[in-house]
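Working notes, structure below.
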Amino acid sequence: MPFTREDLRASVERAGEAHWRALVAHHEEAYPRPTPTPGGVCQAEADRLNDLGLADRPDLTLSESRVQRIGSEVEITHVFRKTLDGAEVLTEPFRNYAPEPEG
């Protein structure tokens, strides 16, 4: 079953309030330069993980999604758990949600 925007929001929230606040601040502090909303980032991440085939892996469960601010960008790392032994598997950190340049 493919990941949804709601799945990703819940995953960010499981990582802790600071991770969700990082997404909100990334959007709000970039004003007036446009950045995706937190919901837009969650939708894009759901689509990206689906495109990578991670939603189709019965051996992995999305545990949490960690968000941190790196300058004017956010970096997102997803933590999956292996269903057999509970070991954590982290995705490569992903950044592609920077504000558009001015001018």
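Residue names in the structure tokens use chain letters A, B, ... in the order shown, residue numbers from 1 in each chain, and ligand numbers from 1 in the order shown.
For region 58-60 of chain A, the residues within 6 Å (counting only C-alpha atoms, excluding itself and residues fewer than 3 positions away along the chain) are Phe80, Arg81, Lys82 and Thr83 of chain A.
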As a PDB file with N, CA and C atoms, in the first residue's frame, please: every residue in region 7-102 of chain A that a backbone DSSP assignment puts in strand (DSSP E).
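Contents of part20.pdb, freshly written:
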```pdb
ATOM      1  N   LEU A  60       9.959  -4.024   5.751  1.00  0.00           N
ATOM      2  CA  LEU A  60      10.284  -2.742   6.372  1.00  0.00           C
ATOM      3  C   LEU A  60       9.016  -2.011   6.803  1.00  0.00           C
ATOM      4  N   THR A  61       9.106  -1.327   7.952  1.00  0.00           N
ATOM      5  CA  THR A  61       8.025  -0.484   8.460  1.00  0.00           C
ATOM      6  C   THR A  61       8.590   0.896   8.720  1.00  0.00           C
ATOM      7  N   LEU A  62       7.888   1.928   8.239  1.00  0.00           N
ATOM      8  CA  LEU A  62       8.331   3.300   8.479  1.00  0.00           C
ATOM      9  C   LEU A  62       8.139   3.633   9.945  1.00  0.00           C
ATOM     10  N   SER A  63       9.245   3.899  10.626  1.00  0.00           N
ATOM     11  CA  SER A  63       9.217   4.166  12.054  1.00  0.00           C
ATOM     12  C   SER A  63       9.059   5.653  12.345  1.00  0.00           C
ATOM     13  N   GLU A  64       9.944   6.469  11.776  1.00  0.00           N
ATOM     14  CA  GLU A  64       9.886   7.914  11.990  1.00  0.00           C
ATOM     15  C   GLU A  64      10.648   8.616  10.883  1.00  0.00           C
ATOM     16  N   SER A  65      10.358   9.900  10.731  1.00  0.00           N
ATOM     17  CA  SER A  65      11.037  10.734   9.739  1.00  0.00           C
ATOM     18  C   SER A  65      11.630  11.929  10.460  1.00  0.00           C
ATOM     19  N   ARG A  66      12.939  12.033  10.400  1.00  0.00           N
ATOM     20  CA  ARG A  66      13.654  13.080  11.125  1.00  0.00           C
ATOM     21  C   ARG A  66      13.928  14.260  10.193  1.00  0.00           C
ATOM     22  N   VAL A  67      13.615  15.445  10.685  1.00  0.00           N
ATOM     23  CA  VAL A  67      13.774  16.675   9.903  1.00  0.00           C
ATOM     24  C   VAL A  67      14.712  17.594  10.658  1.00  0.00           C
ATOM     25  N   GLN A  68      15.696  18.150   9.954  1.00  0.00           N
ATOM     26  CA  GLN A  68      16.538  19.161  10.566  1.00  0.00           C
ATOM     27  C   GLN A  68      16.775  20.276   9.556  1.00  0.00           C
ATOM     28  N   ARG A  69      16.940  21.469  10.078  1.00  0.00           N
ATOM     29  CA  ARG A  69      17.212  22.630   9.237  1.00  0.00           C
ATOM     30  C   ARG A  69      18.706  22.704   8.975  1.00  0.00           C
ATOM     31  N   ILE A  70      19.029  22.914   7.718  1.00  0.00           N
ATOM     32  CA  ILE A  70      20.412  23.102   7.291  1.00  0.00           C
ATOM     33  C   ILE A  70      20.414  24.398   6.477  1.00  0.00           C
ATOM     34  N   GLU A  73      17.554  25.216   4.024  1.00  0.00           N
ATOM     35  CA  GLU A  73      16.969  23.948   3.572  1.00  0.00           C
ATOM     36  C   GLU A  73      16.532  23.103   4.769  1.00  0.00           C
ATOM     37  N   VAL A  74      15.743  22.084   4.473  1.00  0.00           N
ATOM     38  CA  VAL A  74      15.472  21.040   5.452  1.00  0.00           C
ATOM     39  C   VAL A  74      16.075  19.749   4.909  1.00  0.00           C
ATOM     40  N   GLU A  75      16.554  18.949   5.821  1.00  0.00           N
ATOM     41  CA  GLU A  75      17.110  17.646   5.476  1.00  0.00           C
ATOM     42  C   GLU A  75      16.245  16.595   6.157  1.00  0.00           C
ATOM     43  N   ILE A  76      15.828  15.605   5.399  1.00  0.00           N
ATOM     44  CA  ILE A  76      14.918  14.588   5.921  1.00  0.00           C
ATOM     45  C   ILE A  76      15.584  13.224   5.807  1.00  0.00           C
ATOM     46  N   THR A  77      15.579  12.495   6.908  1.00  0.00           N
ATOM     47  CA  THR A  77      16.073  11.127   6.957  1.00  0.00           C
ATOM     48  C   THR A  77      14.955  10.258   7.512  1.00  0.00           C
ATOM     49  N   HIS A  78      14.610   9.218   6.799  1.00  0.00           N
ATOM     50  CA  HIS A  78      13.549   8.321   7.241  1.00  0.00           C
ATOM     51  C   HIS A  78      14.171   7.105   7.919  1.00  0.00           C
ATOM     52  N   VAL A  79      13.542   6.692   9.007  1.00  0.00           N
ATOM     53  CA  VAL A  79      13.995   5.522   9.763  1.00  0.00           C
ATOM     54  C   VAL A  79      12.971   4.416   9.556  1.00  0.00           C
ATOM     55  N   PHE A  80      13.432   3.318   8.991  1.00  0.00           N
ATOM     56  CA  PHE A  80      12.598   2.134   8.814  1.00  0.00           C
ATOM     57  C   PHE A  80      13.062   1.076   9.808  1.00  0.00           C
ATOM     58  N   ARG A  81      12.161   0.209  10.187  1.00  0.00           N
ATOM     59  CA  ARG A  81      12.511  -0.936  11.036  1.00  0.00           C
ATOM     60  C   ARG A  81      12.293  -2.211  10.234  1.00  0.00           C
ATOM     61  N   LYS A  82      13.271  -3.105  10.351  1.00  0.00           N
ATOM     62  CA  LYS A  82      13.117  -4.420   9.735  1.00  0.00           C
ATOM     63  C   LYS A  82      12.113  -5.208  10.567  1.00  0.00           C
ATOM     64  N   GLU A  88      17.191  -0.957  12.750  1.00  0.00           N
ATOM     65  CA  GLU A  88      16.894   0.289  12.049  1.00  0.00           C
ATOM     66  C   GLU A  88      17.636   0.353  10.720  1.00  0.00           C
ATOM     67  N   VAL A  89      16.940   0.868   9.715  1.00  0.00           N
ATOM     68  CA  VAL A  89      17.520   1.141   8.409  1.00  0.00           C
ATOM     69  C   VAL A  89      17.197   2.597   8.097  1.00  0.00           C
ATOM     70  N   LEU A  90      18.227   3.412   7.874  1.00  0.00           N
ATOM     71  CA  LEU A  90      18.027   4.827   7.588  1.00  0.00           C
ATOM     72  C   LEU A  90      18.198   5.087   6.102  1.00  0.00           C
TER      73      LEU A  90
END
```
Practice item. Run DSSP on the backbone and grab whatever in chain A lands in helix (DSSP H, G or I); send it over as a PyMOL selection string. Key: chain A and resi 5-15+17-28+38-51+54-56
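Taking only C-alpha atoms into account, Gln43 (chain A) lies nearest to A:Pro2 out of the set A:Pro2, A:Gly16, A:Pro93, A:Gly71.
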From CA of Pro36 (chain A) to CA of Leu23 (chain A) the spacing works out at 9.2 Å
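Considering only C-alpha atoms, the residue among A:Leu84, A:Ala55, A:Leu49, A:Cys42 positioned nearest to Val12 (chain A) is A:Cys42.
Relative to CA of Ala18 (chain A), CA of Leu52 (chain A) is found at 26.5 Å.
Reported to one decimal place, the separation of CA of Thr91 (chain A) from CA of Glu17 (chain A) is 20.6 Å.
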Using only C-alpha atoms, the shortest atom-to-atom distance to His26 (chain A) among A:Asn96, A:Pro38, A:Phe3, A:Gly86 belongs to A:Pro38
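Among A:Ser72, A:Glu45, A:Ala22, A:Tyr97, the residue with the shortest atom-to-atom distance to Asp7 (chain A), counting only C-alpha atoms, is A:Glu45.
The residue that comes closest to Gly40 (chain A), out of A:Arg14, A:Arg57, A:Arg5, A:Arg21 and on the basis of only C-alpha atoms, is A:Arg5.
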